[in-house]
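Below is the file upload-v6.pdb, which contains PDB, C-alpha atoms.
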ATOM      1  CA  MET A   1      39.097 -13.812 -23.112  1.00  0.00           C
ATOM      2  CA  ARG A   2      37.213 -16.972 -22.370  1.00  0.00           C
ATOM      3  CA  TRP A   3      37.352 -16.153 -18.678  1.00  0.00           C
ATOM      4  CA  GLY A   4      35.969 -12.723 -19.422  1.00  0.00           C
ATOM      5  CA  LEU A   5      33.035 -14.243 -21.312  1.00  0.00           C
ATOM      6  CA  THR A   6      32.339 -16.695 -18.529  1.00  0.00           C
ATOM      7  CA  LEU A   7      32.438 -13.911 -15.987  1.00  0.00           C
ATOM      8  CA  SER A   8      30.142 -11.605 -17.935  1.00  0.00           C
ATOM      9  CA  ALA A   9      27.722 -14.473 -18.534  1.00  0.00           C
ATOM     10  CA  ALA A  10      27.721 -15.075 -14.791  1.00  0.00           C
ATOM     11  CA  ALA A  11      27.152 -11.370 -14.182  1.00  0.00           C
ATOM     12  CA  VAL A  12      24.190 -11.314 -16.596  1.00  0.00           C
ATOM     13  CA  ALA A  13      22.746 -14.421 -14.973  1.00  0.00           C
ATOM     14  CA  THR A  14      23.095 -12.782 -11.559  1.00  0.00           C
ATOM     15  CA  LEU A  15      21.419  -9.607 -12.790  1.00  0.00           C
ATOM     16  CA  LEU A  16      18.567 -11.543 -14.392  1.00  0.00           C
ATOM     17  CA  GLY A  17      18.173 -13.566 -11.232  1.00  0.00           C
ATOM     18  CA  GLY A  18      17.926 -10.312  -9.297  1.00  0.00           C
ATOM     19  CA  CYS A  19      15.339  -8.919 -11.720  1.00  0.00           C
ATOM     20  CA  VAL A  20      13.142 -11.988 -11.451  1.00  0.00           C
ATOM     21  CA  GLN A  21      13.196 -11.752  -7.683  1.00  0.00           C
ATOM     22  CA  VAL A  22      12.397  -8.031  -7.641  1.00  0.00           C
ATOM     23  CA  SER A  23       9.472  -8.362 -10.045  1.00  0.00           C
ATOM     24  CA  ALA A  24       7.796 -11.133  -8.063  1.00  0.00           C
ATOM     25  CA  PRO A  25       5.123  -9.263  -6.046  1.00  0.00           C
ATOM     26  CA  ASP A  26       2.258 -10.729  -4.082  1.00  0.00           C
ATOM     27  CA  LYS A  27      -0.100 -12.730  -6.278  1.00  0.00           C
ATOM     28  CA  PRO A  28      -2.675 -10.483  -7.952  1.00  0.00           C
ATOM     29  CA  ILE A  29      -6.110 -10.685  -6.380  1.00  0.00           C
ATOM     30  CA  GLU A  30      -8.397 -12.800  -8.474  1.00  0.00           C
ATOM     31  CA  ILE A  31     -11.717 -11.126  -9.091  1.00  0.00           C
ATOM     32  CA  ASN A  32     -14.554 -13.560  -8.621  1.00  0.00           C
ATOM     33  CA  LEU A  33     -18.014 -12.113  -8.526  1.00  0.00           C
ATOM     34  CA  ASN A  34     -19.703 -15.517  -8.558  1.00  0.00           C
ATOM     35  CA  ILE A  35     -20.378 -15.264  -4.888  1.00  0.00           C
ATOM     36  CA  ASN A  36     -21.793 -18.296  -3.187  1.00  0.00           C
ATOM     37  CA  ILE A  37     -22.639 -17.234   0.311  1.00  0.00           C
ATOM     38  CA  LYS A  38     -25.414 -17.844   2.785  1.00  0.00           C
ATOM     39  CA  GLN A  39     -27.276 -14.934   4.342  1.00  0.00           C
ATOM     40  CA  GLU A  40     -26.823 -16.577   7.743  1.00  0.00           C
ATOM     41  CA  VAL A  41     -23.017 -16.206   7.420  1.00  0.00           C
ATOM     42  CA  VAL A  42     -23.307 -12.534   6.419  1.00  0.00           C
ATOM     43  CA  VAL A  43     -25.563 -11.805   9.375  1.00  0.00           C
ATOM     44  CA  ARG A  44     -23.216 -13.616  11.737  1.00  0.00           C
ATOM     45  CA  LEU A  45     -20.224 -11.637  10.439  1.00  0.00           C
ATOM     46  CA  SER A  46     -21.886  -8.229  10.149  1.00  0.00           C
ATOM     47  CA  GLU A  47     -20.556  -6.849  13.441  1.00  0.00           C
ATOM     48  CA  ASP A  48     -17.044  -8.089  12.620  1.00  0.00           C
ATOM     49  CA  ALA A  49     -17.286  -6.503   9.178  1.00  0.00           C
ATOM     50  CA  LYS A  50     -18.373  -3.144  10.614  1.00  0.00           C
ATOM     51  CA  ASP A  51     -15.511  -3.327  13.091  1.00  0.00           C
ATOM     52  CA  LEU A  52     -12.996  -4.158  10.372  1.00  0.00           C
ATOM     53  CA  ILE A  53     -14.097  -1.181   8.261  1.00  0.00           C
ATOM     54  CA  GLN A  54     -14.011   1.269  11.163  1.00  0.00           C
ATOM     55  CA  LYS A  55     -10.609   0.178  12.399  1.00  0.00           C
ATOM     56  CA  ASN A  56      -8.919   0.317   8.985  1.00  0.00           C
ATOM     57  CA  PRO A  57      -9.936   3.631   7.405  1.00  0.00           C
ATOM     58  CA  GLY A  58      -7.270   3.681   4.677  1.00  0.00           C
ATOM     59  CA  VAL A  59      -8.150   0.177   3.547  1.00  0.00           C
ATOM     60  CA  PHE A  60     -11.947   0.486   3.431  1.00  0.00           C
TER      61      PHE A  60
ATOM     62  CA  MET B   1      24.166 -17.850  24.765  1.00  0.00           C
ATOM     63  CA  SER B   2      22.158 -17.946  27.944  1.00  0.00           C
ATOM     64  CA  ARG B   3      18.496 -18.835  27.905  1.00  0.00           C
ATOM     65  CA  ARG B   4      17.597 -15.385  29.177  1.00  0.00           C
ATOM     66  CA  MET B   5      19.596 -13.767  26.386  1.00  0.00           C
ATOM     67  CA  LYS B   6      17.711 -15.872  23.829  1.00  0.00           C
ATOM     68  CA  ILE B   7      14.374 -14.779  25.238  1.00  0.00           C
ATOM     69  CA  VAL B   8      15.443 -11.115  25.122  1.00  0.00           C
ATOM     70  CA  LEU B   9      16.512 -11.545  21.497  1.00  0.00           C
ATOM     71  CA  ALA B  10      13.240 -13.268  20.569  1.00  0.00           C
ATOM     72  CA  ILE B  11      11.197 -10.461  22.128  1.00  0.00           C
ATOM     73  CA  GLY B  12      13.328  -7.907  20.295  1.00  0.00           C
ATOM     74  CA  ALA B  13      12.733  -9.670  16.973  1.00  0.00           C
ATOM     75  CA  ALA B  14       8.989  -9.872  17.623  1.00  0.00           C
ATOM     76  CA  LEU B  15       8.839  -6.144  18.446  1.00  0.00           C
ATOM     77  CA  ALA B  16      10.800  -5.297  15.303  1.00  0.00           C
ATOM     78  CA  ALA B  17       8.369  -7.377  13.228  1.00  0.00           C
ATOM     79  CA  VAL B  18       5.373  -5.595  14.755  1.00  0.00           C
ATOM     80  CA  ALA B  19       6.989  -2.172  14.226  1.00  0.00           C
ATOM     81  CA  GLY B  20       7.755  -3.108  10.607  1.00  0.00           C
ATOM     82  CA  GLY B  21       4.149  -4.137  10.022  1.00  0.00           C
ATOM     83  CA  ALA B  22       2.839  -0.911  11.532  1.00  0.00           C
ATOM     84  CA  GLY B  23       5.244   1.049   9.351  1.00  0.00           C
ATOM     85  CA  ALA B  24       3.969  -0.675   6.216  1.00  0.00           C
ATOM     86  CA  ALA B  25       0.354   0.016   7.158  1.00  0.00           C
ATOM     87  CA  TYR B  26       1.262   3.625   7.795  1.00  0.00           C
ATOM     88  CA  ALA B  27       2.673   3.948   4.280  1.00  0.00           C
ATOM     89  CA  LEU B  28      -0.871   3.593   2.983  1.00  0.00           C
ATOM     90  CA  GLN B  29      -2.553   6.981   3.043  1.00  0.00           C
ATOM     91  CA  VAL B  30      -5.118   7.288   5.807  1.00  0.00           C
ATOM     92  CA  ASP B  31      -7.875   7.804   3.258  1.00  0.00           C
ATOM     93  CA  ALA B  32      -6.450   5.846   0.309  1.00  0.00           C
ATOM     94  CA  SER B  33      -9.608   3.864  -0.425  1.00  0.00           C
ATOM     95  CA  ALA B  34     -11.889   6.906   0.008  1.00  0.00           C
ATOM     96  CA  GLN B  35      -9.746   8.890  -2.427  1.00  0.00           C
ATOM     97  CA  LEU B  36      -9.819   6.073  -4.952  1.00  0.00           C
ATOM     98  CA  ARG B  37     -13.623   5.904  -4.756  1.00  0.00           C
ATOM     99  CA  ALA B  38     -13.913   9.700  -4.982  1.00  0.00           C
ATOM    100  CA  SER B  39     -11.714   9.763  -8.106  1.00  0.00           C
ATOM    101  CA  GLY B  40     -14.368   7.797  -9.997  1.00  0.00           C
ATOM    102  CA  GLN B  41     -11.609   5.610 -11.439  1.00  0.00           C
ATOM    103  CA  ALA B  42     -12.083   2.819  -8.923  1.00  0.00           C
ATOM    104  CA  GLY B  43     -15.075   1.378  -7.152  1.00  0.00           C
ATOM    105  CA  GLU B  44     -16.308  -1.253  -4.748  1.00  0.00           C
ATOM    106  CA  GLN B  45     -17.112  -4.821  -5.771  1.00  0.00           C
ATOM    107  CA  ALA B  46     -19.396  -7.463  -4.288  1.00  0.00           C
ATOM    108  CA  ASP B  47     -16.377  -9.714  -3.706  1.00  0.00           C
ATOM    109  CA  GLY B  48     -15.065  -7.290  -1.074  1.00  0.00           C
ATOM    110  CA  TYR B  49     -12.248  -5.844  -3.160  1.00  0.00           C
ATOM    111  CA  MET B  50     -11.795  -2.612  -5.088  1.00  0.00           C
ATOM    112  CA  GLY B  51     -11.808  -2.714  -8.858  1.00  0.00           C
ATOM    113  CA  ILE B  52     -10.824  -0.353 -11.635  1.00  0.00           C
ATOM    114  CA  VAL B  53     -13.600   1.345 -13.592  1.00  0.00           C
ATOM    115  CA  GLY B  54     -12.543   1.524 -17.246  1.00  0.00           C
ATOM    116  CA  ASN B  55      -8.895   1.501 -18.263  1.00  0.00           C
ATOM    117  CA  GLY B  56      -6.693   2.463 -15.375  1.00  0.00           C
ATOM    118  CA  GLY B  57      -3.058   3.470 -15.654  1.00  0.00           C
ATOM    119  CA  ALA B  58      -0.229   1.598 -13.959  1.00  0.00           C
ATOM    120  CA  ASP B  59      -0.204   3.981 -11.007  1.00  0.00           C
ATOM    121  CA  LEU B  60      -3.927   3.530 -10.360  1.00  0.00           C
ATOM    122  CA  ARG B  61      -3.599  -0.241 -10.676  1.00  0.00           C
ATOM    123  CA  ALA B  62      -0.776  -0.227  -8.143  1.00  0.00           C
ATOM    124  CA  GLN B  63      -2.830   1.812  -5.667  1.00  0.00           C
ATOM    125  CA  VAL B  64      -5.869  -0.451  -5.993  1.00  0.00           C
ATOM    126  CA  GLU B  65      -3.687  -3.531  -5.695  1.00  0.00           C
ATOM    127  CA  SER B  66      -2.082  -2.129  -2.554  1.00  0.00           C
ATOM    128  CA  VAL B  67      -5.500  -1.611  -0.934  1.00  0.00           C
ATOM    129  CA  ASN B  68      -6.646  -5.080  -2.017  1.00  0.00           C
ATOM    130  CA  ILE B  69      -3.585  -6.841  -0.626  1.00  0.00           C
ATOM    131  CA  LYS B  70      -4.281  -5.277   2.768  1.00  0.00           C
ATOM    132  CA  ARG B  71      -7.951  -6.211   2.523  1.00  0.00           C
ATOM    133  CA  ARG B  72      -7.101  -9.795   1.750  1.00  0.00           C
ATOM    134  CA  ALA B  73      -4.864  -9.969   4.821  1.00  0.00           C
ATOM    135  CA  LEU B  74      -7.694  -8.620   7.003  1.00  0.00           C
ATOM    136  CA  TYR B  75     -10.284 -10.959   5.439  1.00  0.00           C
ATOM    137  CA  THR B  76      -7.962 -13.912   5.977  1.00  0.00           C
ATOM    138  CA  GLU B  77      -7.572 -12.979   9.629  1.00  0.00           C
ATOM    139  CA  LEU B  78     -11.331 -12.565  10.137  1.00  0.00           C
ATOM    140  CA  ALA B  79     -12.084 -15.829   8.323  1.00  0.00           C
ATOM    141  CA  GLN B  80      -9.691 -17.721  10.582  1.00  0.00           C
ATOM    142  CA  LYS B  81     -11.116 -16.088  13.693  1.00  0.00           C
ATOM    143  CA  ARG B  82     -14.694 -17.066  12.792  1.00  0.00           C
ATOM    144  CA  GLY B  83     -14.072 -20.340  10.992  1.00  0.00           C
ATOM    145  CA  VAL B  84     -15.481 -19.245   7.631  1.00  0.00           C
ATOM    146  CA  LYS B  85     -14.023 -19.033   4.112  1.00  0.00           C
ATOM    147  CA  ILE B  86     -11.983 -15.975   3.140  1.00  0.00           C
ATOM    148  CA  GLU B  87     -14.542 -15.292   0.373  1.00  0.00           C
ATOM    149  CA  GLU B  88     -17.320 -15.293   2.949  1.00  0.00           C
ATOM    150  CA  ALA B  89     -15.532 -12.807   5.195  1.00  0.00           C
ATOM    151  CA  ALA B  90     -14.836 -10.656   2.123  1.00  0.00           C
ATOM    152  CA  ALA B  91     -18.394 -10.745   0.732  1.00  0.00           C
ATOM    153  CA  SER B  92     -19.853 -10.027   4.182  1.00  0.00           C
ATOM    154  CA  THR B  93     -17.638  -6.962   4.459  1.00  0.00           C
ATOM    155  CA  ALA B  94     -18.679  -5.896   0.945  1.00  0.00           C
ATOM    156  CA  CYS B  95     -22.303  -5.712   2.169  1.00  0.00           C
ATOM    157  CA  GLU B  96     -21.219  -3.183   4.821  1.00  0.00           C
ATOM    158  CA  ILE B  97     -19.011  -1.281   2.351  1.00  0.00           C
ATOM    159  CA  PHE B  98     -22.008  -0.897   0.015  1.00  0.00           C
ATOM    160  CA  LYS B  99     -24.135   0.355   2.925  1.00  0.00           C
ATOM    161  CA  THR B 100     -21.702   2.829   4.455  1.00  0.00           C
ATOM    162  CA  ARG B 101     -18.770   3.637   2.178  1.00  0.00           C
ATOM    163  CA  VAL B 102     -20.034   4.094  -1.375  1.00  0.00           C
ATOM    164  CA  GLN B 103     -21.267   7.688  -1.701  1.00  0.00           C
ATOM    165  CA  PRO B 104     -23.621   9.096  -4.355  1.00  0.00           C
ATOM    166  CA  GLY B 105     -21.705   9.506  -7.628  1.00  0.00           C
ATOM    167  CA  GLN B 106     -19.290   6.683  -6.795  1.00  0.00           C
ATOM    168  CA  TYR B 107     -19.035   3.316  -8.499  1.00  0.00           C
ATOM    169  CA  TYR B 108     -20.007  -0.178  -7.385  1.00  0.00           C
ATOM    170  CA  ARG B 109     -20.150  -3.560  -9.077  1.00  0.00           C
ATOM    171  CA  LEU B 110     -22.570  -6.294  -8.054  1.00  0.00           C
ATOM    172  CA  THR B 111     -22.502  -9.958  -8.980  1.00  0.00           C
ATOM    173  CA  ASP B 112     -23.578  -9.226 -12.571  1.00  0.00           C
ATOM    174  CA  GLY B 113     -20.134  -7.654 -13.131  1.00  0.00           C
ATOM    175  CA  VAL B 114     -21.494  -4.311 -14.381  1.00  0.00           C
ATOM    176  CA  TRP B 115     -20.108  -1.050 -12.986  1.00  0.00           C
ATOM    177  CA  ARG B 116     -22.863   1.304 -11.848  1.00  0.00           C
ATOM    178  CA  LYS B 117     -22.783   4.790 -10.422  1.00  0.00           C
ATOM    179  CA  ARG B 118     -24.676   5.280  -7.192  1.00  0.00           C
ATOM    180  CA  ASP B 119     -27.435   7.904  -7.406  1.00  0.00           C
ATOM    181  CA  ASN B 120     -29.093   9.502  -4.383  1.00  0.00           C
ATOM    182  CA  THR B 121     -30.662   6.205  -3.341  1.00  0.00           C
ATOM    183  CA  PRO B 122     -28.719   3.501  -1.442  1.00  0.00           C
ATOM    184  CA  VAL B 123     -26.741   0.858  -3.345  1.00  0.00           C
ATOM    185  CA  PRO B 124     -29.090  -2.074  -4.096  1.00  0.00           C
ATOM    186  CA  LEU B 125     -27.739  -4.920  -1.968  1.00  0.00           C
ATOM    187  CA  PRO B 126     -27.342  -8.521  -3.125  1.00  0.00           C
ATOM    188  CA  SER B 127     -29.992 -10.800  -1.569  1.00  0.00           C
ATOM    189  CA  TYR B 128     -27.476 -12.541   0.726  1.00  0.00           C
ATOM    190  CA  CYS B 129     -26.624  -9.237   2.427  1.00  0.00           C
ATOM    191  CA  GLY B 130     -29.787  -9.587   4.476  1.00  0.00           C
TER     192      GLY B 130
END

Step by step, read the file and then write its structure as C-alpha cells.
Amino acid sequence: MRWGLTLSAAAVATLLGGCVQVSAPDKPIEINLNINIKQEVVVRLSEDAKDLIQKNPGVF
Amino acid sequence: MSRRMKIVLAIGAALAAVAGGAGAAYALQVDASAQLRASGQAGEQADGYMGIVGNGGADLRAQVESVNIKRRALYTELAQKRGVKIEEAAASTACEIFKTRVQPGQYYRLTDGVWRKRDNTPVPLPSYCG
C-alpha cells in the first residue's frame, strides 16, 4: 500500500514535471513603444530592412 | 571512430539542423502576416512587432506570437550583422513596414500606443524614420 502511494506520487511528480516542460514556450515578446532611436541608424539600416521584409514574406 | 567519420557525422548533423529550421519556417503560412493585417484583428507597431487590436482569442494570440518570434530572430541576426541594438534593427524595419506593408483599412500603432486605421493616405511616420 505504502509502495503504491510512493509510486503514484512519483508518477504524479513525473507528469507535473512533463507539463511544466511542455508549457514553457519562448519568452513572450515585450511590447515597448518607447523607442529611443537615432534617424542616422534607421537610414543606415533601411536597405537591410527592405531586404529582410522582401525575403521573409510570411513574417512581414 | 576515425577523424573522417567524425567530420561526416558533423556535416550530417549540421544539414539536419538546417533542414529542421527550413521546415519550421515553412510551417508558417507564406502570407501569415498579410492575412493577420487583412483580418483587422492585428496590426503593425512602431517597435517592429505585430500587436493585437482589441481582445484577441487564444488562436489569434498564438498566430501573432508565432510571427513575432520569427521577427525577433531576424532582428537579432540583423543587429549582430550591423553592430546595433535589436530594438534599433526592429524599429528601423518598422519604418519600412509602415511604408510598404500596411494597406488602407489596416491597423498601425505608433509610439503613442494608440491603434489607428490607415485611410487612403500613407501611414504618418515617426520622426526618426527619416

For chain A against chain B, with a cut-off of 10 Å and counting only C-alpha atoms, what is the closest atom pair and its distance in Å to one decimal for every residue that makes the cut, ordered by chain and number, as JSON lines?
{"residue": "A:Asp26", "atom": "CA", "partner": "B:Ile69", "partner_atom": "CA", "distance": 7.8}
{"residue": "A:Lys27", "atom": "CA", "partner": "B:Ile69", "partner_atom": "CA", "distance": 8.9}
{"residue": "A:Pro28", "atom": "CA", "partner": "B:Glu65", "partner_atom": "CA", "distance": 7.4}
{"residue": "A:Ile29", "atom": "CA", "partner": "B:Asn68", "partner_atom": "CA", "distance": 7.1}
{"residue": "A:Glu30", "atom": "CA", "partner": "B:Tyr49", "partner_atom": "CA", "distance": 9.6}
{"residue": "A:Ile31", "atom": "CA", "partner": "B:Asp47", "partner_atom": "CA", "distance": 7.3}
{"residue": "A:Asn32", "atom": "CA", "partner": "B:Asp47", "partner_atom": "CA", "distance": 6.5}
{"residue": "A:Leu33", "atom": "CA", "partner": "B:Thr111", "partner_atom": "CA", "distance": 5.0}
{"residue": "A:Asn34", "atom": "CA", "partner": "B:Thr111", "partner_atom": "CA", "distance": 6.2}
{"residue": "A:Ile35", "atom": "CA", "partner": "B:Asp47", "partner_atom": "CA", "distance": 6.9}
{"residue": "A:Asn36", "atom": "CA", "partner": "B:Glu88", "partner_atom": "CA", "distance": 8.2}
{"residue": "A:Ile37", "atom": "CA", "partner": "B:Glu88", "partner_atom": "CA", "distance": 6.2}
{"residue": "A:Lys38", "atom": "CA", "partner": "B:Tyr128", "partner_atom": "CA", "distance": 6.1}
{"residue": "A:Gln39", "atom": "CA", "partner": "B:Tyr128", "partner_atom": "CA", "distance": 4.3}
{"residue": "A:Glu40", "atom": "CA", "partner": "B:Tyr128", "partner_atom": "CA", "distance": 8.1}
{"residue": "A:Val41", "atom": "CA", "partner": "B:Glu88", "partner_atom": "CA", "distance": 7.3}
{"residue": "A:Val42", "atom": "CA", "partner": "B:Ser92", "partner_atom": "CA", "distance": 4.8}
{"residue": "A:Val43", "atom": "CA", "partner": "B:Gly130", "partner_atom": "CA", "distance": 6.8}
{"residue": "A:Arg44", "atom": "CA", "partner": "B:Ser92", "partner_atom": "CA", "distance": 9.0}
{"residue": "A:Leu45", "atom": "CA", "partner": "B:Ser92", "partner_atom": "CA", "distance": 6.5}
{"residue": "A:Ser46", "atom": "CA", "partner": "B:Ser92", "partner_atom": "CA", "distance": 6.6}
{"residue": "A:Glu47", "atom": "CA", "partner": "B:Glu96", "partner_atom": "CA", "distance": 9.4}
{"residue": "A:Asp48", "atom": "CA", "partner": "B:Leu78", "partner_atom": "CA", "distance": 7.7}
{"residue": "A:Ala49", "atom": "CA", "partner": "B:Thr93", "partner_atom": "CA", "distance": 4.8}
{"residue": "A:Lys50", "atom": "CA", "partner": "B:Glu96", "partner_atom": "CA", "distance": 6.5}
{"residue": "A:Asp51", "atom": "CA", "partner": "B:Thr93", "partner_atom": "CA", "distance": 9.6}
{"residue": "A:Leu52", "atom": "CA", "partner": "B:Leu74", "partner_atom": "CA", "distance": 7.7}
{"residue": "A:Ile53", "atom": "CA", "partner": "B:Ile97", "partner_atom": "CA", "distance": 7.7}
{"residue": "A:Asn56", "atom": "CA", "partner": "B:Val30", "partner_atom": "CA", "distance": 8.6}
{"residue": "A:Pro57", "atom": "CA", "partner": "B:Asp31", "partner_atom": "CA", "distance": 6.2}
{"residue": "A:Gly58", "atom": "CA", "partner": "B:Val30", "partner_atom": "CA", "distance": 4.3}
{"residue": "A:Val59", "atom": "CA", "partner": "B:Val67", "partner_atom": "CA", "distance": 5.5}
{"residue": "A:Phe60", "atom": "CA", "partner": "B:Ser33", "partner_atom": "CA", "distance": 5.6}

I need the residues from that last selection saved to file as a PDB file, in the coordinates of the input (with C-alpha atoms), if you can.
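Everything below was put into result.pdb:
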ATOM      1  CA  ASP A  26       2.258 -10.729  -4.082  1.00  0.00           C
ATOM      2  CA  LYS A  27      -0.100 -12.730  -6.278  1.00  0.00           C
ATOM      3  CA  PRO A  28      -2.675 -10.483  -7.952  1.00  0.00           C
ATOM      4  CA  ILE A  29      -6.110 -10.685  -6.380  1.00  0.00           C
ATOM      5  CA  GLU A  30      -8.397 -12.800  -8.474  1.00  0.00           C
ATOM      6  CA  ILE A  31     -11.717 -11.126  -9.091  1.00  0.00           C
ATOM      7  CA  ASN A  32     -14.554 -13.560  -8.621  1.00  0.00           C
ATOM      8  CA  LEU A  33     -18.014 -12.113  -8.526  1.00  0.00           C
ATOM      9  CA  ASN A  34     -19.703 -15.517  -8.558  1.00  0.00           C
ATOM     10  CA  ILE A  35     -20.378 -15.264  -4.888  1.00  0.00           C
ATOM     11  CA  ASN A  36     -21.793 -18.296  -3.187  1.00  0.00           C
ATOM     12  CA  ILE A  37     -22.639 -17.234   0.311  1.00  0.00           C
ATOM     13  CA  LYS A  38     -25.414 -17.844   2.785  1.00  0.00           C
ATOM     14  CA  GLN A  39     -27.276 -14.934   4.342  1.00  0.00           C
ATOM     15  CA  GLU A  40     -26.823 -16.577   7.743  1.00  0.00           C
ATOM     16  CA  VAL A  41     -23.017 -16.206   7.420  1.00  0.00           C
ATOM     17  CA  VAL A  42     -23.307 -12.534   6.419  1.00  0.00           C
ATOM     18  CA  VAL A  43     -25.563 -11.805   9.375  1.00  0.00           C
ATOM     19  CA  ARG A  44     -23.216 -13.616  11.737  1.00  0.00           C
ATOM     20  CA  LEU A  45     -20.224 -11.637  10.439  1.00  0.00           C
ATOM     21  CA  SER A  46     -21.886  -8.229  10.149  1.00  0.00           C
ATOM     22  CA  GLU A  47     -20.556  -6.849  13.441  1.00  0.00           C
ATOM     23  CA  ASP A  48     -17.044  -8.089  12.620  1.00  0.00           C
ATOM     24  CA  ALA A  49     -17.286  -6.503   9.178  1.00  0.00           C
ATOM     25  CA  LYS A  50     -18.373  -3.144  10.614  1.00  0.00           C
ATOM     26  CA  ASP A  51     -15.511  -3.327  13.091  1.00  0.00           C
ATOM     27  CA  LEU A  52     -12.996  -4.158  10.372  1.00  0.00           C
ATOM     28  CA  ILE A  53     -14.097  -1.181   8.261  1.00  0.00           C
ATOM     29  CA  ASN A  56      -8.919   0.317   8.985  1.00  0.00           C
ATOM     30  CA  PRO A  57      -9.936   3.631   7.405  1.00  0.00           C
ATOM     31  CA  GLY A  58      -7.270   3.681   4.677  1.00  0.00           C
ATOM     32  CA  VAL A  59      -8.150   0.177   3.547  1.00  0.00           C
ATOM     33  CA  PHE A  60     -11.947   0.486   3.431  1.00  0.00           C
TER      34      PHE A  60
END

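Picture a line from atom CA of Val102 of chain B to atom CA of Glu77 of chain B; it runs 23.8 Å.
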
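We find atom CA of Gly54 of chain B and atom CA of Arg118 of chain B to be spaced 16.2 Å apart.
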
Between atom CA of Gln54 of chain A and atom CA of Gln106 of chain B lies a distance of 19.5 Å

Just the residues within 8 Å of Tyr107 of chain B, please, counting only C-alpha atoms, with nothing from its chain fewer than 6 positions along; format it as a CSV table (one decimal) with C-alpha atoms, in the frame of the given file.
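Output (result_20.csv):
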chain,number,residue,atom,x,y,z
B,37,ARG,CA,-13.6,5.9,-4.8
B,40,GLY,CA,-14.4,7.8,-10.0
B,42,ALA,CA,-12.1,2.8,-8.9
B,43,GLY,CA,-15.1,1.4,-7.2
B,44,GLU,CA,-16.3,-1.3,-4.7
B,53,VAL,CA,-13.6,1.3,-13.6
B,115,TRP,CA,-20.1,-1.0,-13.0
B,116,ARG,CA,-22.9,1.3,-11.8
B,117,LYS,CA,-22.8,4.8,-10.4
B,118,ARG,CA,-24.7,5.3,-7.2
